[in-house]
>>> print(open('my_file20.cif').read())   # mmCIF, C-alpha atoms
data_coords
#
loop_
_atom_site.group_PDB
_atom_site.id
_atom_site.type_symbol
_atom_site.label_atom_id
_atom_site.label_comp_id
_atom_site.auth_asym_id
_atom_site.auth_seq_id
_atom_site.Cartn_x
_atom_site.Cartn_y
_atom_site.Cartn_z
ATOM 1 C CA MET A 59 0.000 0.000 0.000
ATOM 2 C CA ASN A 60 1.178 3.527 -0.712
ATOM 3 C CA ASN A 61 0.952 6.721 1.325
ATOM 4 C CA VAL A 62 -2.383 7.675 -0.226
ATOM 5 C CA ASP A 63 -3.917 4.414 1.014
ATOM 6 C CA PHE A 64 -2.557 4.966 4.518
ATOM 7 C CA GLU A 65 -3.775 8.545 4.517
ATOM 8 C CA TYR A 66 -7.247 7.141 3.830
ATOM 9 C CA LEU A 67 -6.860 4.571 6.609
ATOM 10 C CA SER A 68 -5.786 7.252 9.083
ATOM 11 C CA TYR A 69 -9.348 8.590 8.865
ATOM 12 C CA GLU A 70 -11.316 5.398 8.202
ATOM 13 C CA LEU A 71 -9.765 2.580 10.253
ATOM 14 C CA ASN A 72 -12.047 1.529 13.106
ATOM 15 C CA THR A 73 -9.764 0.299 15.894
ATOM 16 C CA ALA A 74 -12.105 0.970 18.822
ATOM 17 C CA GLY A 75 -11.623 -1.648 21.541
ATOM 18 C CA LEU A 76 -8.293 -2.926 20.186
ATOM 19 C CA PHE A 77 -5.163 -3.100 22.373
ATOM 20 C CA GLY A 78 -2.508 -4.913 20.307
ATOM 21 C CA SER A 79 0.448 -2.982 18.925
ATOM 22 C CA ASP A 80 -0.067 -4.590 15.507
ATOM 23 C CA SER A 81 -3.364 -2.679 15.224
ATOM 24 C CA ALA A 82 -1.621 0.713 15.305
ATOM 25 C CA LEU A 83 -1.682 2.276 11.853
ATOM 26 C CA ALA A 84 1.912 3.417 12.381
ATOM 27 C CA ASN A 85 3.119 -0.163 12.875
ATOM 28 C CA MET A 86 1.249 -1.372 9.805
ATOM 29 C CA PHE A 87 2.975 1.345 7.798
ATOM 30 C CA LEU A 88 6.446 1.074 9.306
ATOM 31 C CA LEU A 89 6.708 -2.742 9.380
ATOM 32 C CA GLN A 90 5.699 -3.339 5.744
ATOM 33 C CA LYS A 91 9.315 -3.820 4.689
ATOM 34 C CA LYS A 92 10.427 -5.826 7.738
ATOM 35 C CA TYR A 93 7.679 -8.435 7.382
ATOM 36 C CA ASN A 94 7.022 -8.029 3.639
ATOM 37 C CA THR A 95 3.417 -7.380 4.663
ATOM 38 C CA ASP A 96 0.605 -7.751 2.154
ATOM 39 C CA ILE A 97 -2.071 -5.196 3.083
ATOM 40 C CA LYS A 98 -5.334 -4.815 1.210
ATOM 41 C CA ILE A 99 -8.862 -3.513 1.602
ATOM 42 C CA ASN A 100 -11.813 -5.532 0.345
ATOM 43 C CA GLU A 101 -15.416 -4.452 0.830
ATOM 44 C CA ASN A 102 -14.419 -2.016 3.592
ATOM 45 C CA ILE A 103 -12.487 -4.605 5.631
ATOM 46 C CA LEU A 104 -8.722 -4.308 6.132
ATOM 47 C CA TYR A 105 -6.628 -7.472 5.721
ATOM 48 C CA ARG A 106 -2.954 -7.961 6.612
ATOM 49 C CA TYR A 107 -0.761 -10.940 5.790
ATOM 50 C CA TYR A 108 2.653 -11.053 7.492
ATOM 51 C CA TYR A 109 5.642 -12.993 6.138
ATOM 52 C CA GLY A 110 7.746 -13.383 9.282
ATOM 53 C CA ASN A 111 8.885 -16.192 11.541
ATOM 54 C CA GLU A 112 6.439 -19.015 12.252
ATOM 55 C CA ASN A 113 4.650 -17.042 14.949
ATOM 56 C CA ARG A 114 4.470 -13.982 12.691
ATOM 57 C CA THR A 115 3.351 -15.603 9.455
ATOM 58 C CA GLY A 116 -0.310 -15.417 8.586
ATOM 59 C CA TYR A 117 -3.326 -13.140 8.548
ATOM 60 C CA ALA A 118 -3.740 -10.698 11.397
ATOM 61 C CA PHE A 119 -7.200 -9.976 12.759
ATOM 62 C CA PRO A 120 -9.294 -8.328 10.004
ATOM 63 C CA ILE A 121 -10.392 -4.807 10.928
ATOM 64 C CA PRO A 122 -13.540 -3.159 9.563
ATOM 65 C CA LEU A 123 -13.441 0.404 8.297
ATOM 66 C CA LYS A 124 -15.854 3.041 9.504
ATOM 67 C CA ALA A 125 -17.634 2.740 6.174
ATOM 68 C CA TYR A 126 -18.402 -0.944 6.767
ATOM 69 C CA ASN A 127 -22.137 -1.502 7.207
ATOM 70 C CA GLU A 128 -22.626 -4.551 9.406
ATOM 71 C CA GLY A 129 -26.341 -4.655 8.733
ATOM 72 C CA SER A 130 -25.890 -4.793 4.982
ATOM 73 C CA ASP A 131 -25.079 -8.495 4.914
ATOM 74 C CA SER A 132 -26.055 -9.999 8.262
ATOM 75 C CA THR A 133 -27.932 -9.487 11.483
ATOM 76 C CA ASP A 134 -25.514 -11.809 13.238
ATOM 77 C CA GLY A 135 -23.382 -9.155 14.919
ATOM 78 C CA THR A 136 -19.613 -9.694 14.867
ATOM 79 C CA PHE A 137 -20.030 -13.051 13.150
ATOM 80 C CA GLY A 138 -21.558 -11.283 10.157
ATOM 81 C CA TYR A 139 -18.412 -9.253 9.645
ATOM 82 C CA LEU A 140 -16.068 -12.144 10.512
ATOM 83 C CA LYS A 141 -17.952 -14.641 8.395
ATOM 84 C CA LYS A 142 -17.333 -12.455 5.367
ATOM 85 C CA ALA A 143 -13.715 -11.827 6.411
ATOM 86 C CA ILE A 144 -12.833 -15.493 6.991
ATOM 87 C CA LYS A 145 -14.423 -16.480 3.683
ATOM 88 C CA PHE A 146 -12.218 -13.884 1.988
ATOM 89 C CA ILE A 147 -9.111 -15.101 3.862
ATOM 90 C CA LEU A 148 -9.660 -18.718 2.834
ATOM 91 C CA GLU A 149 -10.158 -17.691 -0.802
ATOM 92 C CA ASP A 150 -7.262 -15.233 -0.769
ATOM 93 C CA ALA A 151 -4.826 -17.778 0.700
ATOM 94 C CA LYS A 152 -5.705 -20.209 -2.071
ATOM 95 C CA LYS A 153 -5.456 -17.520 -4.733
ATOM 96 C CA GLN A 154 -2.065 -16.300 -3.456
ATOM 97 C CA ASN A 155 -0.822 -19.893 -2.993
ATOM 98 C CA ARG A 156 -0.005 -19.209 0.654
ATOM 99 C CA GLU A 157 -0.727 -21.085 3.835
ATOM 100 C CA SER A 158 -4.068 -20.397 5.527
ATOM 101 C CA ALA A 159 -2.910 -19.202 8.920
ATOM 102 C CA PHE A 160 -3.481 -16.543 11.560
ATOM 103 C CA CYS A 161 -0.964 -14.625 13.663
ATOM 104 C CA LEU A 162 -0.835 -11.889 16.320
ATOM 105 C CA MET A 163 -4.287 -12.790 17.644
ATOM 106 C CA THR A 164 -5.309 -11.848 21.165
ATOM 107 C CA GLN A 165 -7.188 -14.325 23.358
ATOM 108 C CA GLU A 166 -10.451 -12.503 22.647
ATOM 109 C CA GLN A 167 -9.844 -12.480 18.892
ATOM 110 C CA LYS A 168 -8.877 -16.141 18.981
ATOM 111 C CA ASN A 169 -12.113 -17.020 20.798
ATOM 112 C CA ILE A 170 -14.252 -15.049 18.357
ATOM 113 C CA ILE A 171 -12.597 -16.700 15.366
ATOM 114 C CA ASP A 172 -13.041 -20.169 16.875
ATOM 115 C CA ALA A 173 -16.742 -19.486 17.502
ATOM 116 C CA CYS A 174 -17.243 -18.117 14.002
ATOM 117 C CA LEU A 175 -15.504 -21.103 12.412
ATOM 118 C CA SER A 176 -17.551 -23.525 14.495
ATOM 119 C CA LYS A 177 -20.797 -21.902 13.429
ATOM 120 C CA ASN A 178 -20.101 -20.976 9.817
ATOM 121 C CA PHE A 179 -17.143 -23.126 8.698
ATOM 122 C CA PRO A 180 -17.476 -26.376 10.678
ATOM 123 C CA SER A 181 -15.012 -28.209 8.431
ATOM 124 C CA HIS A 182 -12.243 -25.839 9.531
ATOM 125 C CA GLN A 183 -10.517 -25.279 12.841
ATOM 126 C CA VAL A 184 -7.306 -23.575 13.977
ATOM 127 C CA GLN A 185 -4.466 -25.334 15.740
ATOM 128 C CA TRP A 186 -3.433 -22.468 18.021
ATOM 129 C CA LYS A 187 -0.039 -21.871 19.635
ATOM 130 C CA THR A 188 1.325 -18.962 21.661
ATOM 131 C CA ASN A 189 4.760 -17.474 22.293
ATOM 132 C CA ARG A 190 5.456 -15.552 25.504
ATOM 133 C CA ASP A 191 8.020 -13.423 23.645
ATOM 134 C CA ASP A 192 5.230 -11.845 21.564
ATOM 135 C CA CYS A 193 3.044 -10.631 24.440
ATOM 136 C CA ASP A 194 2.400 -6.890 24.621
ATOM 137 C CA TYR A 195 2.909 -5.109 27.947
ATOM 138 C CA ILE A 196 0.090 -2.649 28.600
ATOM 139 C CA TYR A 197 0.087 -0.149 31.451
ATOM 140 C CA LEU A 198 -2.327 2.320 32.958
ATOM 141 C CA GLN A 199 -1.234 5.768 31.820
ATOM 142 C CA LYS A 200 -1.708 7.214 35.292
ATOM 143 C CA ASN A 201 0.640 4.603 36.795
ATOM 144 C CA LEU A 202 3.488 5.390 34.395
ATOM 145 C CA SER A 203 2.881 9.099 34.860
ATOM 146 C CA ASP A 204 2.491 9.238 38.658
ATOM 147 C CA LEU A 205 4.548 6.177 39.728
ATOM 148 C CA PRO A 206 2.317 5.740 42.787
ATOM 149 C CA GLY A 207 2.719 3.602 45.896
ATOM 150 C CA SER A 208 5.235 1.002 46.967
ATOM 151 C CA ASN A 209 5.185 -0.771 43.594
ATOM 152 C CA TYR A 210 7.017 2.168 42.049
ATOM 153 C CA GLN A 211 9.345 3.130 44.905
ATOM 154 C CA LYS A 212 12.423 1.949 42.990
ATOM 155 C CA LYS A 213 11.392 4.001 39.949
ATOM 156 C CA ARG A 214 10.992 7.100 42.087
ATOM 157 C CA ASN A 215 14.430 6.387 43.551
ATOM 158 C CA HIS A 216 15.888 6.248 40.034
ATOM 159 C CA ILE A 217 14.379 9.632 39.240
ATOM 160 C CA SER A 218 15.667 11.094 42.508
ATOM 161 C CA ARG A 219 19.164 9.881 41.667
ATOM 162 C CA PHE A 220 18.830 11.387 38.176
ATOM 163 C CA ASN A 221 17.853 14.737 39.690
ATOM 164 C CA ARG A 222 20.755 14.613 42.158
ATOM 165 C CA THR A 223 23.121 13.929 39.278
ATOM 166 C CA TYR A 224 21.892 16.585 36.855
ATOM 167 C CA GLY A 225 20.018 19.063 39.050
ATOM 168 C CA ASP A 226 18.168 21.530 36.833
ATOM 169 C CA ASP A 227 20.414 20.896 33.851
ATOM 170 C CA TRP A 228 17.931 18.758 31.957
ATOM 171 C CA ALA A 229 14.663 19.284 30.069
ATOM 172 C CA PHE A 230 12.005 17.309 28.235
ATOM 173 C CA LYS A 231 10.470 18.729 25.051
ATOM 174 C CA SER A 232 7.382 17.302 23.366
ATOM 175 C CA PHE A 233 6.951 16.319 19.717
ATOM 176 C CA PRO A 234 5.278 17.439 17.434
ATOM 177 C CA GLU A 235 4.662 20.607 19.463
ATOM 178 C CA ASN A 236 8.379 21.302 19.009
ATOM 179 C CA ASP A 237 10.404 20.616 15.866
ATOM 180 C CA LEU A 238 12.614 17.842 17.228
ATOM 181 C CA LYS A 239 13.118 15.736 14.121
ATOM 182 C CA ASP A 240 16.865 16.363 13.815
ATOM 183 C CA ASP A 241 17.472 15.606 17.487
ATOM 184 C CA ILE A 242 15.384 12.422 17.335
ATOM 185 C CA LEU A 243 17.431 11.259 14.352
ATOM 186 C CA THR A 244 20.672 12.168 16.141
ATOM 187 C CA ILE A 245 19.756 9.918 19.071
ATOM 188 C CA ALA A 246 18.585 7.102 16.793
ATOM 189 C CA ALA A 247 21.864 7.263 14.833
ATOM 190 C CA GLY A 248 23.979 7.394 18.001
ATOM 191 C CA TRP A 249 22.119 4.479 19.580
ATOM 192 C CA PHE A 250 22.522 2.488 16.340
ATOM 193 C CA ILE A 251 26.301 2.965 16.427
ATOM 194 C CA GLU A 252 26.507 2.059 20.116
ATOM 195 C CA LYS A 253 24.649 -1.196 19.419
ATOM 196 C CA ASN A 254 26.927 -2.096 16.452
ATOM 197 C CA GLY A 255 23.920 -1.793 14.195
ATOM 198 C CA ASN A 256 25.934 -2.208 10.999
ATOM 199 C CA ASP A 257 26.188 -5.909 11.866
ATOM 200 C CA ASN A 258 22.468 -6.308 12.558
ATOM 201 C CA HIS A 259 19.979 -6.165 9.681
ATOM 202 C CA ALA A 260 16.997 -5.779 12.014
ATOM 203 C CA LEU A 261 18.583 -2.700 13.623
ATOM 204 C CA GLU A 262 19.319 -1.261 10.197
ATOM 205 C CA LEU A 263 15.646 -1.594 9.283
ATOM 206 C CA GLU A 264 14.641 -0.017 12.586
ATOM 207 C CA LYS A 265 16.943 2.953 12.000
ATOM 208 C CA GLU A 266 15.440 3.442 8.532
ATOM 209 C CA SER A 267 11.939 3.221 9.978
ATOM 210 C CA VAL A 268 12.589 6.096 12.396
ATOM 211 C CA SER A 269 13.280 8.378 9.435
ATOM 212 C CA LEU A 270 10.214 7.049 7.628
ATOM 213 C CA ALA A 271 8.085 7.628 10.730
ATOM 214 C CA LEU A 272 9.198 11.241 11.040
ATOM 215 C CA GLU A 273 8.594 11.899 7.343
ATOM 216 C CA ASN A 274 4.988 10.751 7.839
ATOM 217 C CA ALA A 275 4.460 11.916 11.423
ATOM 218 C CA LYS A 276 1.209 13.779 10.786
ATOM 219 C CA MET A 277 -0.413 10.924 8.882
ATOM 220 C CA LEU A 278 0.580 8.413 11.567
ATOM 221 C CA GLY A 279 -0.508 10.620 14.461
ATOM 222 C CA LEU A 280 2.937 10.423 16.042
ATOM 223 C CA LYS A 281 3.732 12.074 19.338
ATOM 224 C CA GLY A 282 6.803 11.804 21.488
ATOM 225 C CA GLY A 283 9.663 13.831 22.841
ATOM 226 C CA VAL A 284 13.345 14.313 23.523
ATOM 227 C CA LEU A 285 15.163 14.384 26.845
ATOM 228 C CA TYR A 286 18.000 16.917 26.906
ATOM 229 C CA ILE A 287 20.884 16.773 29.389
ATOM 230 C CA HIS A 288 23.462 19.566 29.503
ATOM 231 C CA GLY A 289 21.623 20.957 26.481
ATOM 232 C CA LYS A 290 22.375 17.832 24.417
ATOM 233 C CA PRO A 291 19.799 15.286 23.141
ATOM 234 C CA ALA A 292 20.142 12.248 25.409
ATOM 235 C CA ALA A 293 17.006 10.141 24.839
ATOM 236 C CA MET A 294 13.984 10.089 22.570
ATOM 237 C CA THR A 295 10.611 8.420 22.295
ATOM 238 C CA LEU A 296 7.929 8.166 19.594
ATOM 239 C CA ALA A 297 4.449 6.696 19.925
ATOM 240 C CA ALA A 298 1.254 6.397 17.912
ATOM 241 C CA PRO A 299 -2.396 5.635 18.706
ATOM 242 C CA ILE A 300 -3.783 2.121 18.532
ATOM 243 C CA SER A 301 -7.322 3.169 19.433
ATOM 244 C CA PRO A 302 -8.976 6.115 21.201
ATOM 245 C CA ASP A 303 -8.008 4.532 24.549
ATOM 246 C CA VAL A 304 -4.539 3.099 23.841
ATOM 247 C CA ILE A 305 -1.279 4.603 22.590
ATOM 248 C CA ASP A 306 1.679 2.468 21.503
ATOM 249 C CA VAL A 307 5.305 3.354 22.302
ATOM 250 C CA ILE A 308 7.126 2.347 19.131
ATOM 251 C CA TYR A 309 10.594 3.796 19.784
ATOM 252 C CA GLU A 310 12.405 4.624 23.007
ATOM 253 C CA LYS A 311 16.177 5.138 22.878
ATOM 254 C CA ALA A 312 18.713 6.548 25.331
ATOM 255 C CA LEU A 313 22.421 7.034 24.695
ATOM 256 C CA ASN A 314 24.804 4.969 26.828
ATOM 257 C CA GLU A 315 26.311 8.039 28.458
ATOM 258 C CA PHE A 316 23.013 8.816 30.138
ATOM 259 C CA GLU A 317 21.346 5.413 30.397
ATOM 260 C CA LYS A 318 23.173 4.453 33.591
ATOM 261 C CA ASP A 319 21.853 7.538 35.390
ATOM 262 C CA GLY A 320 18.169 6.812 34.714
ATOM 263 C CA ALA A 321 17.478 8.435 31.351
ATOM 264 C CA TYR A 322 15.025 5.684 30.375
ATOM 265 C CA THR A 323 13.062 6.030 33.612
ATOM 266 C CA VAL A 324 12.837 9.798 33.218
ATOM 267 C CA ILE A 325 11.804 9.907 29.577
ATOM 268 C CA ASN A 326 9.252 7.149 30.227
ATOM 269 C CA GLN A 327 7.616 9.190 32.973
ATOM 270 C CA GLN A 328 7.903 12.553 31.217
ATOM 271 C CA PHE A 329 6.302 11.232 28.047
ATOM 272 C CA SER A 330 3.592 9.375 29.973
ATOM 273 C CA LYS A 331 2.581 12.681 31.535
ATOM 274 C CA LYS A 332 1.843 13.943 28.021
ATOM 275 C CA CYS A 333 -0.487 10.991 27.305
ATOM 276 C CA GLY A 334 -3.382 11.969 29.553
ATOM 277 C CA ASP A 335 -5.839 11.572 26.665
ATOM 278 C CA TYR A 336 -5.232 7.806 26.756
ATOM 279 C CA LEU A 337 -6.224 5.298 29.412
ATOM 280 C CA TYR A 338 -3.507 2.785 28.508
ATOM 281 C CA ILE A 339 0.049 2.820 27.161
ATOM 282 C CA ASN A 340 1.215 -0.228 25.201
ATOM 283 C CA ARG A 341 4.988 -0.700 25.444
ATOM 284 C CA GLU A 342 5.062 -3.693 23.104
ATOM 285 C CA GLU A 343 6.748 -7.079 23.539
ATOM 286 C CA ASP A 344 10.062 -8.089 25.116
ATOM 287 C CA MET A 345 11.168 -10.380 22.235
ATOM 288 C CA GLY A 346 12.433 -12.888 24.779
ATOM 289 C CA VAL A 347 15.266 -10.595 25.902
ATOM 290 C CA GLU A 348 15.725 -11.310 29.612
ATOM 291 C CA GLY A 349 16.786 -7.793 30.620
ATOM 292 C CA LEU A 350 13.986 -6.207 28.632
ATOM 293 C CA ARG A 351 11.419 -8.566 30.156
ATOM 294 C CA LYS A 352 12.628 -7.728 33.644
ATOM 295 C CA ALA A 353 12.407 -3.999 32.907
ATOM 296 C CA LYS A 354 8.896 -4.229 31.467
ATOM 297 C CA LEU A 355 7.653 -6.299 34.388
ATOM 298 C CA SER A 356 9.154 -3.814 36.847
ATOM 299 C CA TYR A 357 6.643 -1.212 35.661
ATOM 300 C CA LYS A 358 3.764 -3.466 36.775
ATOM 301 C CA PRO A 359 1.710 -3.940 33.594
ATOM 302 C CA ALA A 360 -2.067 -3.820 33.951
ATOM 303 C CA ILE A 361 -2.333 -6.319 31.071
ATOM 304 C CA ILE A 362 0.085 -8.802 29.530
ATOM 305 C CA LEU A 363 -1.612 -9.267 26.187
ATOM 306 C CA ASP A 364 -1.099 -12.822 24.924
ATOM 307 C CA LYS A 365 -0.671 -13.314 21.180
ATOM 308 C CA PHE A 366 -1.660 -16.496 19.347
ATOM 309 C CA TYR A 367 -0.849 -17.950 15.955
ATOM 310 C CA GLY A 368 -2.014 -21.051 14.154
ATOM 311 C CA LYS A 369 -2.785 -22.837 10.911
ATOM 312 C CA ILE A 370 -6.323 -23.249 9.611
ATOM 313 C CA LEU A 371 -6.965 -26.978 9.224
#
>>> encode(input="my_file20.cif", output="structure tokens")
Amino acid sequence: MNNVDFEYLSYELNTAGLFGSDSALANMFLLQKKYNTDIKINENILYRYYYGNENRTGYAFPIPLKAYNEGSDSTDGTFGYLKKAIKFILEDAKKQNRESAFCLMTQEQKNIIDACLSKNFPSHQVQWKTNRDDCDYIYLQKNLSDLPGSNYQKKRNHISRFNRTYGDDWAFKSFPENDLKDDILTIAAGWFIEKNGNDNHALELEKESVSLALENAKMLGLKGGVLYIHGKPAAMTLAAPISPDVIDVIYEKALNEFEKDGAYTVINQQFSKKCGDYLYINREEDMGVEGLRKAKLSYKPAIILDKFYGKIL
């Protein structure tokens, strides 16, 4: 899909009630190259097919557009929309000579699909699997912003240490209220070098995607910010809406020089304070990285959103 198609989706995609990071328009746009994603619209329903690893190969949950008229083809509620969508998926998989499979499904989506198959496609069923590495970590915005109670004492200690180290010689500026594109790119480039990104294709793609995100910031609804220390850009973050209630943190990078003194804790809190329009903040998966999992758990997620994948038999 091109930018014109995504511009249309930015107004028409109906993601109400969705929590998964894959449902954010920004991720659909930015991950097209990484997963060689096939995205199409048919009869006002959005379809996505990911070519990734086993747990990321298949059709994601179909999403209706605002223009979709549920009553036009069925009085059967969600099953009316899903019945049409699953029929299309089965036909499309055959037409494209690809495996009929699902991926990135939440427990609720999995249950709905199973019920729809049982009722409308009894000869088919899905052999579901899950991978803990794919689970999204979702937090209450007010918890990340306020860091309340004993659960967050260590986080408040980190911030206190940061303030003792830097005093008043730091600032957080919000994007897009301020033109921070160059500073965001500076941090992304510096972080890439520190992580030996030239030897890691996935990091190369991520670096490219930061530039692509900033070029299309308005269309994607991006917001974020930069943490400055001694007047220099030290950390950055960029996020995009999943639904009216949930925002997804897509990028968060701090340079090594400042990481040890709590830069990640500070930019996390400072940005969360700017997200008061959202009830939840999705900070995505840990990819099975032990240190990252420990860090995400330390912020006490309100929801660990399981993701399922499976072949249609």
>>> closest_residue(input="my_file20.cif", among="A:Lys200, A:Arg190, A:Lys332, A:Lys369", to="A:Ser158", atoms="all atoms listed in the file")
A:Lys369
>>> atom_distance(input="my_file20.cif", atom1="atom CA of A:Ala292", atom2="atom CA of A:Asn314")
8.8 Å
>>> atom_distance(input="my_file20.cif", atom1="atom CA of A:Tyr210", atom2="atom CA of A:Lys352")
14.1 Å
>>> closest_atom_pairs(input="my_file20.cif", of="stretch 208-263 of chain A", to="stretch 355-365 of chain A", cutoff="10 Å", atoms="only C-alpha atoms", output="tab-separated table")
residue	atom	partner	partner_atom	distance
A:Asn209	CA	A:Lys358	CA	7.5
A:Tyr210	CA	A:Tyr357	CA	7.2
A:Lys212	CA	A:Ser356	CA	9.0
A:Lys213	CA	A:Tyr357	CA	8.3
>>> write_last_selection(input="my_file20.cif", atoms="C-alpha atoms", output="mmCIF file, keeping the file's coordinate frame")
data_model
loop_
_atom_site.group_PDB
_atom_site.id
_atom_site.type_symbol
_atom_site.label_atom_id
_atom_site.label_comp_id
_atom_site.auth_asym_id
_atom_site.auth_seq_id
_atom_site.Cartn_x
_atom_site.Cartn_y
_atom_site.Cartn_z
ATOM 1 C CA ASN A 209 5.185 -0.771 43.594
ATOM 2 C CA TYR A 210 7.017 2.168 42.049
ATOM 3 C CA LYS A 212 12.423 1.949 42.990
ATOM 4 C CA LYS A 213 11.392 4.001 39.949
#
>>> atom_distance(input="my_file20.cif", atom1="atom CA of A:Phe250", atom2="atom CA of A:Glu317")
14.4 Å
>>> resolve_selection(input="my_file20.cif", expression="the PyMOL selection byres ((chain A and resi 163) around 8)", output="VMD selection string")
chain A and resid 118 to 119 160 to 162 164 to 168 364 to 367
>>> closest_residue(input="my_file20.cif", among="A:Leu104, A:Met345, A:Ala271, A:Leu76", to="A:Ala125", atoms="all atoms listed in the file")
A:Leu104
>>> residues_around(input="my_file20.cif", residues="A:Val304", least_positions_apart="3", cutoff="10 Å", atoms="all atoms listed in the file", output="list in words")
Thr73, Ala74, Gly75, Leu76, Phe77, Gly78, Ser79, Ala82, Ile196, Tyr197, Leu198, Gln199, Ala298, Pro299, Ile300, Ser301, Val307, Cys333, Asp335, Tyr336, Leu337, Tyr338, Ile339 and Asn340 of chain A
>>> resolve_selection(input="my_file20.cif", expression="the PyMOL selection byres ((chain A and resi 59-72) around 9)", output="JSON, numbers by chain")
{"A": [73, 74, 83, 87, 90, 96, 97, 98, 103, 104, 121, 122, 123, 124, 125, 274, 277, 278, 279, 301]}
>>> closest_atom_pairs(input="my_file20.cif", of="stretch 177-257 of chain A", to="stretch 106-114 of chain A", cutoff="12 Å", atoms="all atoms listed in the file", output="JSON lines")
{"residue": "A:Trp186", "atom": "CA", "partner": "A:Asn113", "partner_atom": "CA", "distance": 10.2}
{"residue": "A:Lys187", "atom": "CA", "partner": "A:Asn113", "partner_atom": "CA", "distance": 8.2}
{"residue": "A:Thr188", "atom": "CA", "partner": "A:Asn113", "partner_atom": "CA", "distance": 7.7}
{"residue": "A:Asn189", "atom": "CA", "partner": "A:Asn113", "partner_atom": "CA", "distance": 7.4}
{"residue": "A:Arg190", "atom": "CA", "partner": "A:Asn113", "partner_atom": "CA", "distance": 10.7}
{"residue": "A:Asp191", "atom": "CA", "partner": "A:Asn113", "partner_atom": "CA", "distance": 10.0}
{"residue": "A:Asp192", "atom": "CA", "partner": "A:Asn113", "partner_atom": "CA", "distance": 8.4}
{"residue": "A:Cys193", "atom": "CA", "partner": "A:Asn113", "partner_atom": "CA", "distance": 11.6}
>>> write_last_selection(input="my_file20.cif", atoms="C-alpha atoms", output="short mmCIF file (atom, residue, chain, number, x, y, z; two decimals), in the frame of the given file")
data_model
loop_
_atom_site.label_atom_id
_atom_site.label_comp_id
_atom_site.auth_asym_id
_atom_site.auth_seq_id
_atom_site.Cartn_x
_atom_site.Cartn_y
_atom_site.Cartn_z
CA TRP A 186 -3.43 -22.47 18.02
CA LYS A 187 -0.04 -21.87 19.64
CA THR A 188 1.32 -18.96 21.66
CA ASN A 189 4.76 -17.47 22.29
CA ARG A 190 5.46 -15.55 25.50
CA ASP A 191 8.02 -13.42 23.64
CA ASP A 192 5.23 -11.84 21.56
CA CYS A 193 3.04 -10.63 24.44
#
>>> residues_around(input="my_file20.cif", residues="stretch 229-242 of chain A", least_positions_apart="4", cutoff="12 Å", atoms="all atoms listed in the file", output="VMD selection string")
chain A and resid 221 224 to 225 246 to 249 265 268 to 276 278 to 298 309 to 313 321 324 to 333
>>> closest_residue(input="my_file20.cif", among="A:Ile217, A:Ala84, A:Ile144, A:Leu243", to="A:Phe179", atoms="all atoms listed in the file")
A:Ile144
>>> residues_around(input="my_file20.cif", residues="A:Leu371", least_positions_apart="3", cutoff="9 Å", atoms="all atoms listed in the file", output="ChimeraX atom specification")
/A:158-159,181-185
>>> axis_aligned_box(input="my_file20.cif", around="stretch 278-294 of chain A", padding_each_side="5 Å", output="lines of an AutoDock Vina configuration file")
center_x = 11.5
center_y = 14.7
center_z = 20.5
size_x = 34.0
size_y = 22.5
size_z = 27.9
>>> build_atoms(input="my_file20.cif", residues="stretch 323-333 of chain A", atoms="N, CA and C atoms", output="short mmCIF file (atom, residue, chain, number, x, y, z; two decimals), in the frame of the given file")
data_model
loop_
_atom_site.label_atom_id
_atom_site.label_comp_id
_atom_site.auth_asym_id
_atom_site.auth_seq_id
_atom_site.Cartn_x
_atom_site.Cartn_y
_atom_site.Cartn_z
N THR A 323 14.13 5.84 32.63
CA THR A 323 13.06 6.03 33.61
C THR A 323 12.46 7.42 33.49
N VAL A 324 13.31 8.41 33.28
CA VAL A 324 12.84 9.80 33.22
C VAL A 324 12.04 10.06 31.95
N ILE A 325 12.54 9.62 30.81
CA ILE A 325 11.80 9.91 29.58
C ILE A 325 10.49 9.13 29.54
N ASN A 326 10.49 7.93 30.13
CA ASN A 326 9.25 7.15 30.23
C ASN A 326 8.20 7.94 31.00
N GLN A 327 8.58 8.45 32.17
CA GLN A 327 7.62 9.19 32.97
C GLN A 327 7.23 10.51 32.31
N GLN A 328 8.20 11.24 31.80
CA GLN A 328 7.90 12.55 31.22
C GLN A 328 6.96 12.43 30.02
N PHE A 329 7.20 11.41 29.20
CA PHE A 329 6.30 11.23 28.05
C PHE A 329 4.92 10.76 28.50
N SER A 330 4.87 9.87 29.48
CA SER A 330 3.59 9.38 29.97
C SER A 330 2.71 10.52 30.47
N LYS A 331 3.33 11.52 31.06
CA LYS A 331 2.58 12.68 31.54
C LYS A 331 1.89 13.42 30.40
N LYS A 332 2.42 13.28 29.19
CA LYS A 332 1.84 13.94 28.02
C LYS A 332 0.76 13.10 27.34
N CYS A 333 0.46 11.92 27.92
CA CYS A 333 -0.49 10.99 27.30
C CYS A 333 -1.79 10.90 28.08
#
